[in-house]
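Coordinates as given in input11.tsv (TSV, C-alpha atoms):
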chain	number	residue	atom	x	y	z
A	934	MET	CA	-77.54	-81.58	-43.03
A	935	ASP	CA	-77.02	-85.08	-44.49
A	936	LYS	CA	-74.99	-86.05	-47.50
A	937	ASN	CA	-77.94	-86.07	-49.91
A	938	GLU	CA	-78.90	-82.54	-48.92
A	939	ARG	CA	-75.39	-81.33	-49.70
A	940	VAL	CA	-75.48	-82.74	-53.25
A	941	LYS	CA	-76.39	-80.06	-55.78
A	942	LYS	CA	-79.68	-80.80	-57.49
A	943	ASN	CA	-79.58	-80.50	-61.26
A	944	GLU	CA	-81.55	-77.64	-62.76
A	945	TRP	CA	-84.46	-78.72	-64.96
A	946	PHE	CA	-82.68	-78.01	-68.23
A	947	GLU	CA	-79.60	-80.03	-67.29
A	948	ASP	CA	-81.64	-83.23	-67.00
A	949	TRP	CA	-84.19	-82.59	-69.75
A	950	PHE	CA	-81.89	-81.34	-72.52
A	951	ASN	CA	-79.55	-84.30	-71.99
A	952	SER	CA	-82.39	-86.80	-72.11
A	953	GLU	CA	-82.96	-89.04	-75.13
A	954	TYR	CA	-86.67	-88.25	-74.75
A	955	TYR	CA	-86.08	-84.54	-75.29
A	956	HIS	CA	-84.57	-85.31	-78.68
A	957	LEU	CA	-87.37	-87.74	-79.48
A	958	LEU	CA	-90.16	-85.32	-78.57
A	959	TYR	CA	-88.72	-82.45	-80.59
A	960	GLN	CA	-87.23	-84.46	-83.46
A	961	ASN	CA	-89.43	-82.81	-86.08
A	962	ARG	CA	-88.33	-79.24	-85.48
A	963	SER	CA	-88.01	-77.89	-88.98
A	964	GLN	CA	-84.57	-77.33	-90.49
A	965	ASN	CA	-86.32	-75.41	-93.28
A	966	GLU	CA	-87.82	-72.99	-90.74
A	967	ALA	CA	-84.40	-72.49	-89.13
A	968	ASP	CA	-82.77	-71.94	-92.53
A	969	LEU	CA	-85.36	-69.35	-93.57
A	970	PHE	CA	-85.03	-67.48	-90.28
A	971	ILE	CA	-81.24	-67.20	-90.53
A	972	LYS	CA	-81.47	-66.15	-94.18
A	973	ASN	CA	-83.98	-63.43	-93.27
A	974	ILE	CA	-81.77	-62.19	-90.41
A	975	VAL	CA	-78.70	-61.94	-92.63
A	976	GLN	CA	-80.51	-60.18	-95.48
A	977	LYS	CA	-82.80	-57.90	-93.45
A	978	LEU	CA	-80.04	-56.70	-91.09
A	979	LYS	CA	-77.34	-56.65	-93.80
A	980	LEU	CA	-74.89	-58.62	-91.68
A	981	ASP	CA	-71.17	-58.85	-92.43
A	982	PRO	CA	-70.13	-62.19	-94.00
A	983	GLU	CA	-66.64	-61.81	-92.47
A	984	ALA	CA	-68.14	-61.83	-88.98
A	985	THR	CA	-67.44	-64.26	-86.15
A	986	VAL	CA	-70.75	-65.46	-84.73
A	987	LEU	CA	-71.89	-67.33	-81.61
A	988	ASP	CA	-75.11	-69.36	-81.46
A	989	LEU	CA	-75.80	-69.24	-77.72
A	990	GLY	CA	-77.90	-72.19	-76.60
A	991	CYS	CA	-77.31	-73.84	-79.96
A	992	GLY	CA	-79.05	-77.14	-79.29
A	993	LYS	CA	-78.20	-79.67	-82.00
A	994	GLY	CA	-76.81	-76.90	-84.21
A	995	ARG	CA	-79.56	-76.55	-86.79
A	996	HIS	CA	-79.36	-72.74	-86.82
A	997	ALA	CA	-75.56	-72.73	-86.58
A	998	LEU	CA	-75.33	-75.03	-89.59
A	999	LYS	CA	-77.16	-72.49	-91.74
A	1000	MET	CA	-75.11	-69.63	-90.25
A	1001	SER	CA	-71.96	-71.37	-91.46
A	1002	SER	CA	-72.98	-70.76	-95.08
A	1003	PHE	CA	-73.22	-67.00	-94.46
A	1004	PHE	CA	-70.42	-66.22	-92.00
A	1005	ASN	CA	-66.67	-66.66	-91.84
A	1006	SER	CA	-66.65	-68.37	-88.44
A	1007	VAL	CA	-69.51	-69.84	-86.40
A	1008	HIS	CA	-69.36	-71.11	-82.82
A	1009	GLY	CA	-72.11	-72.80	-80.85
A	1010	LEU	CA	-72.48	-73.21	-77.08
A	1011	ASP	CA	-74.89	-75.49	-75.25
A	1012	LEU	CA	-75.08	-77.05	-71.79
A	1013	SER	CA	-76.15	-80.44	-73.14
A	1014	LYS	CA	-73.36	-82.90	-73.96
A	1015	ASN	CA	-75.77	-84.86	-76.15
A	1016	ASN	CA	-76.71	-81.75	-78.14
A	1017	ILE	CA	-73.06	-80.90	-78.75
A	1018	LYS	CA	-72.29	-84.48	-79.77
A	1019	ILE	CA	-75.01	-84.30	-82.43
A	1020	ALA	CA	-73.92	-80.81	-83.53
A	1021	ASN	CA	-70.32	-81.97	-83.97
A	1022	SER	CA	-71.45	-84.86	-86.18
A	1023	THR	CA	-72.65	-82.44	-88.89
A	1024	LYS	CA	-70.36	-79.43	-88.44
A	1025	LYS	CA	-68.43	-77.79	-91.27
A	1026	ASP	CA	-64.79	-76.66	-91.24
A	1027	ASN	CA	-65.69	-73.11	-90.16
A	1028	MET	CA	-67.68	-74.29	-87.12
A	1029	LYS	CA	-66.77	-75.07	-83.50
A	1030	PHE	CA	-69.03	-76.24	-80.70
A	1031	PHE	CA	-68.53	-75.96	-76.95
A	1032	ILE	CA	-70.22	-77.35	-73.86
A	1033	GLY	CA	-70.87	-74.53	-71.40
A	1034	ASP	CA	-73.24	-72.48	-69.28
A	1035	MET	CA	-74.52	-69.30	-70.91
A	1036	ARG	CA	-74.31	-67.51	-67.55
A	1037	ASN	CA	-70.54	-67.93	-67.44
A	1038	PHE	CA	-68.49	-68.77	-70.53
A	1039	ASN	CA	-65.33	-67.51	-72.17
A	1040	HIS	CA	-63.85	-68.91	-75.39
A	1041	ASN	CA	-61.15	-66.25	-75.64
A	1042	THR	CA	-63.01	-65.09	-78.73
A	1043	LYS	CA	-64.69	-61.77	-79.38
A	1044	TYR	CA	-67.85	-62.02	-81.44
A	1045	ASP	CA	-69.44	-59.63	-83.91
A	1046	TYR	CA	-72.86	-61.19	-83.40
A	1047	VAL	CA	-74.39	-63.41	-80.73
A	1048	PHE	CA	-77.67	-65.15	-81.57
A	1049	ASN	CA	-79.88	-66.56	-78.81
A	1050	LEU	CA	-82.63	-68.39	-80.66
A	1051	PHE	CA	-85.80	-70.41	-80.19
A	1052	THR	CA	-86.57	-69.30	-76.63
A	1053	SER	CA	-83.16	-70.13	-75.17
A	1054	PHE	CA	-83.47	-67.38	-72.56
A	1055	GLY	CA	-85.33	-67.07	-69.26
A	1056	TYR	CA	-84.57	-70.58	-67.99
A	1057	PHE	CA	-83.40	-69.47	-64.56
A	1058	ASN	CA	-85.18	-68.85	-61.28
A	1059	THR	CA	-83.94	-65.31	-60.68
A	1060	ILE	CA	-83.67	-62.11	-62.69
A	1061	GLU	CA	-80.02	-61.88	-61.61
A	1062	GLU	CA	-79.14	-65.13	-63.38
A	1063	ASN	CA	-80.71	-63.91	-66.61
A	1064	LEU	CA	-78.81	-60.65	-66.24
A	1065	ASP	CA	-75.65	-62.76	-65.85
A	1066	VAL	CA	-76.31	-64.15	-69.35
A	1067	LEU	CA	-76.54	-60.65	-70.82
A	1068	LYS	CA	-73.44	-59.51	-68.93
A	1069	CYS	CA	-71.45	-62.50	-70.11
A	1070	VAL	CA	-72.51	-61.94	-73.72
A	1071	HIS	CA	-71.55	-58.26	-73.35
A	1072	GLN	CA	-68.03	-59.29	-72.32
A	1073	GLN	CA	-67.68	-61.62	-75.32
A	1074	LEU	CA	-68.96	-59.14	-77.92
A	1075	LYS	CA	-66.65	-56.88	-79.88
A	1076	LYS	CA	-67.04	-53.13	-79.57
A	1077	ASN	CA	-70.40	-52.20	-81.15
A	1078	GLY	CA	-71.24	-55.90	-81.48
A	1079	HIS	CA	-74.85	-57.08	-81.67
A	1080	LEU	CA	-77.10	-59.51	-79.81
A	1081	LEU	CA	-80.26	-61.06	-81.27
A	1082	VAL	CA	-82.76	-62.63	-78.86
A	1083	ASP	CA	-85.58	-64.76	-80.28
A	1084	PHE	CA	-88.14	-65.22	-77.50
A	1085	LEU	CA	-91.74	-66.33	-77.09
A	1086	ASN	CA	-94.40	-63.62	-77.01
A	1087	PRO	CA	-95.58	-63.57	-73.36
A	1088	ASP	CA	-98.83	-61.74	-74.24
A	1089	VAL	CA	-99.88	-64.61	-76.50
A	1090	ILE	CA	-98.86	-67.18	-73.88
A	1091	ARG	CA	-100.87	-65.48	-71.14
A	1092	ASN	CA	-103.98	-65.38	-73.34
A	1093	ASP	CA	-103.67	-69.02	-74.37
A	1094	LYS	CA	-106.13	-71.60	-73.07
A	1095	PHE	CA	-104.00	-74.51	-71.97
A	1096	SER	CA	-105.00	-78.14	-72.21
A	1097	SER	CA	-103.05	-81.35	-71.84
A	1098	GLU	CA	-101.55	-82.94	-74.93
A	1099	GLU	CA	-100.89	-86.61	-75.66
A	1100	LYS	CA	-98.26	-87.84	-78.11
A	1101	ARG	CA	-97.00	-91.29	-79.03
A	1102	ILE	CA	-93.63	-91.45	-80.79
A	1103	ASN	CA	-91.85	-94.76	-81.48
A	1104	ASP	CA	-94.02	-96.50	-78.85
A	1105	VAL	CA	-93.08	-93.87	-76.25
A	1106	HIS	CA	-96.08	-92.11	-74.70
A	1107	PHE	CA	-95.83	-88.42	-73.78
A	1108	ASN	CA	-98.35	-86.52	-71.65
A	1109	ILE	CA	-97.69	-82.77	-71.69
A	1110	GLU	CA	-99.42	-80.22	-69.46
A	1111	LYS	CA	-98.87	-76.45	-69.63
A	1112	CYS	CA	-99.75	-73.84	-67.04
A	1113	ILE	CA	-98.71	-70.40	-65.83
A	1114	SER	CA	-97.34	-70.10	-62.31
A	1115	GLY	CA	-96.42	-66.62	-61.20
A	1116	ASN	CA	-94.31	-65.16	-63.99
A	1117	PHE	CA	-93.33	-68.53	-65.45
A	1118	ILE	CA	-94.74	-70.74	-68.16
A	1119	LEU	CA	-94.43	-74.34	-66.94
A	1120	LYS	CA	-94.56	-77.50	-69.00
A	1121	LYS	CA	-94.85	-80.82	-67.18
A	1122	ILE	CA	-93.84	-83.79	-69.29
A	1123	LYS	CA	-94.74	-87.33	-68.23
A	1124	ILE	CA	-93.20	-90.15	-70.22
A	1125	LYS	CA	-94.05	-93.83	-70.35
A	1126	ASP	CA	-91.62	-96.06	-72.23
A	1127	GLY	CA	-92.67	-99.68	-71.73
A	1128	ASN	CA	-92.41	-100.31	-68.00
A	1129	LYS	CA	-90.32	-97.18	-67.43
A	1130	GLN	CA	-91.79	-93.85	-66.40
A	1131	PHE	CA	-90.10	-90.44	-66.25
A	1132	HIS	CA	-91.10	-86.90	-65.29
A	1133	PHE	CA	-89.44	-83.79	-66.71
A	1134	ASN	CA	-90.22	-80.07	-66.58
A	1135	GLU	CA	-89.69	-76.99	-68.72
A	1136	LYS	CA	-89.80	-73.57	-67.06
A	1137	VAL	CA	-89.38	-70.18	-68.74
A	1138	GLN	CA	-89.84	-66.69	-67.32
A	1139	LEU	CA	-92.41	-64.58	-69.16
A	1140	PHE	CA	-90.44	-61.46	-70.05
A	1141	ASP	CA	-92.24	-58.82	-72.10
A	1142	LEU	CA	-90.73	-56.05	-74.20
A	1143	ASN	CA	-90.52	-53.65	-71.25
A	1144	ASP	CA	-88.69	-56.30	-69.22
A	1145	PHE	CA	-86.14	-56.78	-71.99
A	1146	GLU	CA	-85.67	-53.05	-72.45
A	1147	GLU	CA	-84.89	-52.72	-68.75
A	1148	MET	CA	-82.56	-55.74	-68.62
A	1149	LEU	CA	-80.68	-54.78	-71.77
A	1150	LEU	CA	-80.25	-51.17	-70.72
A	1151	LYS	CA	-78.98	-52.29	-67.31
A	1152	THR	CA	-76.37	-54.57	-68.90
A	1153	GLY	CA	-75.08	-52.13	-71.53
A	1154	TYR	CA	-77.20	-52.52	-74.69
A	1155	THR	CA	-79.61	-50.48	-76.74
A	1156	ILE	CA	-82.43	-52.07	-78.75
A	1157	HIS	CA	-82.39	-51.12	-82.42
A	1158	SER	CA	-85.28	-53.23	-83.75
A	1159	THR	CA	-88.05	-55.58	-82.67
A	1160	PHE	CA	-89.71	-58.21	-84.87
A	1161	GLY	CA	-92.76	-60.40	-84.41
A	1162	ASN	CA	-92.05	-63.53	-86.46
A	1163	TYR	CA	-89.40	-65.36	-88.46
A	1164	GLU	CA	-90.26	-63.31	-91.55
A	1165	LEU	CA	-89.08	-60.33	-89.44
A	1166	GLU	CA	-92.33	-58.41	-89.69
A	1167	ASN	CA	-92.99	-55.70	-87.10
A	1168	TYR	CA	-93.65	-56.78	-83.53
A	1169	HIS	CA	-97.06	-56.24	-81.89
A	1170	THR	CA	-98.75	-57.76	-78.85
A	1171	ASN	CA	-100.35	-60.55	-80.92
A	1172	SER	CA	-97.15	-61.49	-82.77
A	1173	GLU	CA	-95.96	-65.08	-82.89
A	1174	ARG	CA	-92.59	-64.17	-81.37
A	1175	LEU	CA	-90.71	-61.37	-79.61
A	1176	ILE	CA	-87.40	-60.90	-81.45
A	1177	LEU	CA	-84.95	-58.19	-80.37
A	1178	TRP	CA	-81.91	-56.80	-82.17
A	1179	ALA	CA	-79.68	-54.99	-79.67
A	1180	GLN	CA	-76.23	-53.38	-79.83
A	1181	LYS	CA	-73.49	-53.27	-77.22
A	1182	LEU	CA	-73.09	-49.70	-76.01
A	1183	ILE	CA	-69.83	-49.76	-74.06
With the file now loaded, output its structure as structure tokens.
Amino acid sequence: MDKNERVKKNEWFEDWFNSEYYHLLYQNRSQNEADLFIKNIVQKLKLDPEATVLDLGCGKGRHALKMSSFFNSVHGLDLSKNNIKIANSTKKDNMKFFIGDMRNFNHNTKYDYVFNLFTSFGYFNTIEENLDVLKCVHQQLKKNGHLLVDFLNPDVIRNDKFSSEEKRINDVHFNIEKCISGNFILKKIKIKDGNKQFHFNEKVQLFDLNDFEEMLLKTGYTIHSTFGNYELENYHTNSERLILWAQKLI
């Protein structure tokens, strides 16, 4: 084995989420949508304003920022240094952000609620790694603490007819192709910026409700509620999202 083979290859999300092009492509994600979702969660589930909350996979902190107006203490964790840099630039006094891997983190803090939002789950190649996320969250939750997972609806994804998409943003050209491979939704992103060209990927496992029920039960949770959109209407197979509200059992 030569030296290059011994060097650990970055996982797709390490390269893509730290890229300037990731932030450029998704720059128009709505803060208003994030604000409404958090408000609906707090009101519908009657959450405790004195709670300590973790936004797991917080990105640039748009959800965490809204959480900070409802909760006593809000933390955010993300693997991307660039995301955390942006999040820190707008944080309030009751907020802290950390760089870390959701499969293995410990802030010496026990949380009342952990939110995993905007399809920030299922990034890994094996079921075991995704179970590691749930186990790690379980360790960081207080007794009877809660986990909320906001995930894509795999039934809708599987029934979608994919086609390539072209975007031009600030003279940067994006070509985006989606496909399903096995139990993954893949997004191939080709970028042309002047004379420079880049290729990135997104890859998410297609977990359905039965999959989540099995994984959560195995890692010490029970599901209390499921919702199908950011208005927190009931989940069904044609819903926009698959949102789960689960409680730590032990």
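Taking only C-alpha atoms into account, Asp1045 in chain A lies nearest to A:Thr985 out of the set A:Ser1002, A:Asn1167, A:Thr985, A:Asn1108.
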Is it possible to get the axis-aligned box enclosing range 1012-1021 of chain A (all listed atoms, 3 Å extra per side) as JSON, with centre and edge lengths in Å rounded to one decimal?
{"center_x": -73.5, "center_y": -81.0, "center_z": -77.9, "size_x": 12.4, "size_y": 13.8, "size_z": 18.2}
Next on the checklist: Report as a list in words all protein, DNA and RNA residues lying within 7 Å of Asn1049 in chain A, evaluated on only C-alpha atoms, omitting residues in the same chain fewer than 3 positions from it.
Outcome noted: Asp988, Leu989, Gly990, Ser1053, Leu1081, Val1082 and Asp1083 of chain A
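Across A:Asn1015, A:Gln1138, A:Ser1001, A:Ser1114, the tightest approach to Glu1062 in chain A is made by A:Gln1138 when counting only C-alpha atoms.
Across A:Lys1125, A:His1169, A:Lys1181, A:Lys1014, the tightest approach to Glu947 in chain A is made by A:Lys1014 when counting all atoms listed in the file.
Residues lying within 9 Å of range 1025-1032 of chain A, counting only C-alpha atoms and ignoring same-chain neighbours fewer than 2 positions away, are Cys991, Gly994, Ala997, Leu998, Ser1001, Phe1004, Asn1005, Ser1006, Val1007, His1008, Gly1009, Leu1010, Asp1011, Leu1012, Ser1013, Lys1014, Asn1016, Ile1017, Lys1018, Ala1020, Asn1021, Thr1023, Asp1034 and His1040 of chain A.
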Next on the checklist: Nearest residue to Met1000 in chain A out of A:Ile974, A:His1071, A:Ser1022, A:Lys979, using all atoms listed in the file?
Outcome noted: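 Of the candidates, the smallest distance to Met1000 in chain A is held by A:Ile974.
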Next on the checklist: Calculated over all atoms listed in the file, which of the candidates A:Asn1058, A:Lys999, A:Phe1095, A:Thr1042 has the smallest distance to Asn973 in chain A?
Outcome noted: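 Once distances to Asn973 in chain A are computed over all atoms listed in the file, the minimum belongs to A:Lys999.
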Checklist entry - Near His1079 in chain A, within 10 Å and counting only C-alpha atoms, which residues show up once chain neighbours fewer than 5 positions away are dropped, as a list of chain:residue names? => result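 The residues satisfying every condition are A:Val986, A:Tyr1044, A:Asp1045, A:Tyr1046, A:Val1047, A:Phe1048, A:Val1070, A:His1071, A:Leu1074, A:Tyr1154, A:Thr1155, A:Ile1156, A:His1157, A:Trp1178, A:Ala1179, A:Gln1180, A:Lys1181, A:Leu1182.
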Next on the checklist: Ranking A:Lys1043, A:Asn1162, A:Lys1123, A:Asn951 by minimum distance to Gly1078 in chain A and counting all atoms listed in the file, which one comes first?
Outcome noted: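 Result for the nearest residue to Gly1078 in chain A: A:Lys1043.
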Next on the checklist: I'd like the contact shell of Gln1130 in chain A - 12 Å cut-off, only C-alpha atoms, skipping same-chain residues fewer than 2 positions apart - returned as JSON, numbers by chain.
Outcome noted: {"A": [954, 1105, 1106, 1107, 1108, 1122, 1123, 1124, 1125, 1126, 1127, 1128, 1132, 1133]}
Completion of range 968-989 of chain A up to N, CA and C atoms, as an mmCIF file, in the coordinates of the input:
data_model
loop_
_atom_site.group_PDB
_atom_site.id
_atom_site.type_symbol
_atom_site.label_atom_id
_atom_site.label_comp_id
_atom_site.auth_asym_id
_atom_site.auth_seq_id
_atom_site.Cartn_x
_atom_site.Cartn_y
_atom_site.Cartn_z
ATOM 1 N N ASP A 968 -83.518 -72.489 -91.394
ATOM 2 C CA ASP A 968 -82.770 -71.940 -92.530
ATOM 3 C C ASP A 968 -83.365 -70.617 -93.003
ATOM 4 N N LEU A 969 -84.690 -70.573 -93.097
ATOM 5 C CA LEU A 969 -85.360 -69.350 -93.570
ATOM 6 C C LEU A 969 -85.154 -68.216 -92.582
ATOM 7 N N PHE A 970 -85.219 -68.510 -91.303
ATOM 8 C CA PHE A 970 -85.030 -67.480 -90.280
ATOM 9 C C PHE A 970 -83.641 -66.866 -90.366
ATOM 10 N N ILE A 971 -82.618 -67.713 -90.445
ATOM 11 C CA ILE A 971 -81.240 -67.200 -90.530
ATOM 12 C C ILE A 971 -81.046 -66.398 -91.808
ATOM 13 N N LYS A 972 -81.575 -66.885 -92.911
ATOM 14 C CA LYS A 972 -81.470 -66.150 -94.180
ATOM 15 C C LYS A 972 -82.127 -64.776 -94.056
ATOM 16 N N ASN A 973 -83.290 -64.713 -93.448
ATOM 17 C CA ASN A 973 -83.980 -63.430 -93.270
ATOM 18 C C ASN A 973 -83.182 -62.486 -92.378
ATOM 19 N N ILE A 974 -82.587 -63.019 -91.299
ATOM 20 C CA ILE A 974 -81.770 -62.190 -90.410
ATOM 21 C C ILE A 974 -80.604 -61.570 -91.175
ATOM 22 N N VAL A 975 -79.894 -62.402 -91.910
ATOM 23 C CA VAL A 975 -78.700 -61.940 -92.630
ATOM 24 C C VAL A 975 -79.072 -60.877 -93.660
ATOM 25 N N GLN A 976 -80.135 -61.111 -94.405
ATOM 26 C CA GLN A 976 -80.510 -60.180 -95.480
ATOM 27 C C GLN A 976 -81.155 -58.908 -94.937
ATOM 28 N N LYS A 977 -82.070 -59.060 -93.975
ATOM 29 C CA LYS A 977 -82.800 -57.900 -93.450
ATOM 30 C C LYS A 977 -81.859 -56.956 -92.700
ATOM 31 N N LEU A 978 -80.926 -57.523 -91.918
ATOM 32 C CA LEU A 978 -80.040 -56.700 -91.090
ATOM 33 C C LEU A 978 -78.714 -56.399 -91.773
ATOM 34 N N LYS A 979 -78.547 -56.918 -92.997
ATOM 35 C CA LYS A 979 -77.340 -56.650 -93.800
ATOM 36 C C LYS A 979 -76.068 -56.968 -93.005
ATOM 37 N N LEU A 980 -75.990 -58.213 -92.541
ATOM 38 C CA LEU A 980 -74.890 -58.620 -91.680
ATOM 39 C C LEU A 980 -73.622 -58.909 -92.473
ATOM 40 N N ASP A 981 -72.491 -58.738 -91.816
ATOM 41 C CA ASP A 981 -71.170 -58.850 -92.430
ATOM 42 C C ASP A 981 -70.771 -60.320 -92.579
ATOM 43 N N PRO A 982 -70.514 -60.787 -93.800
ATOM 44 C CA PRO A 982 -70.130 -62.190 -94.000
ATOM 45 C C PRO A 982 -68.785 -62.551 -93.386
ATOM 46 N N GLU A 983 -67.942 -61.547 -93.091
ATOM 47 C CA GLU A 983 -66.640 -61.810 -92.470
ATOM 48 C C GLU A 983 -66.737 -61.922 -90.954
ATOM 49 N N ALA A 984 -67.942 -61.868 -90.428
ATOM 50 C CA ALA A 984 -68.140 -61.830 -88.980
ATOM 51 C C ALA A 984 -67.852 -63.175 -88.322
ATOM 52 N N THR A 985 -67.520 -63.092 -87.024
ATOM 53 C CA THR A 985 -67.440 -64.260 -86.150
ATOM 54 C C THR A 985 -68.697 -64.258 -85.282
ATOM 55 N N VAL A 986 -69.397 -65.393 -85.283
ATOM 56 C CA VAL A 986 -70.750 -65.460 -84.730
ATOM 57 C C VAL A 986 -70.826 -66.558 -83.675
ATOM 58 N N LEU A 987 -71.613 -66.311 -82.621
ATOM 59 C CA LEU A 987 -71.890 -67.330 -81.610
ATOM 60 C C LEU A 987 -73.385 -67.616 -81.575
ATOM 61 N N ASP A 988 -73.744 -68.898 -81.693
ATOM 62 C CA ASP A 988 -75.110 -69.360 -81.460
ATOM 63 C C ASP A 988 -75.177 -69.832 -80.011
ATOM 64 N N LEU A 989 -75.795 -69.020 -79.164
ATOM 65 C CA LEU A 989 -75.800 -69.240 -77.720
ATOM 66 C C LEU A 989 -77.036 -70.048 -77.321
#
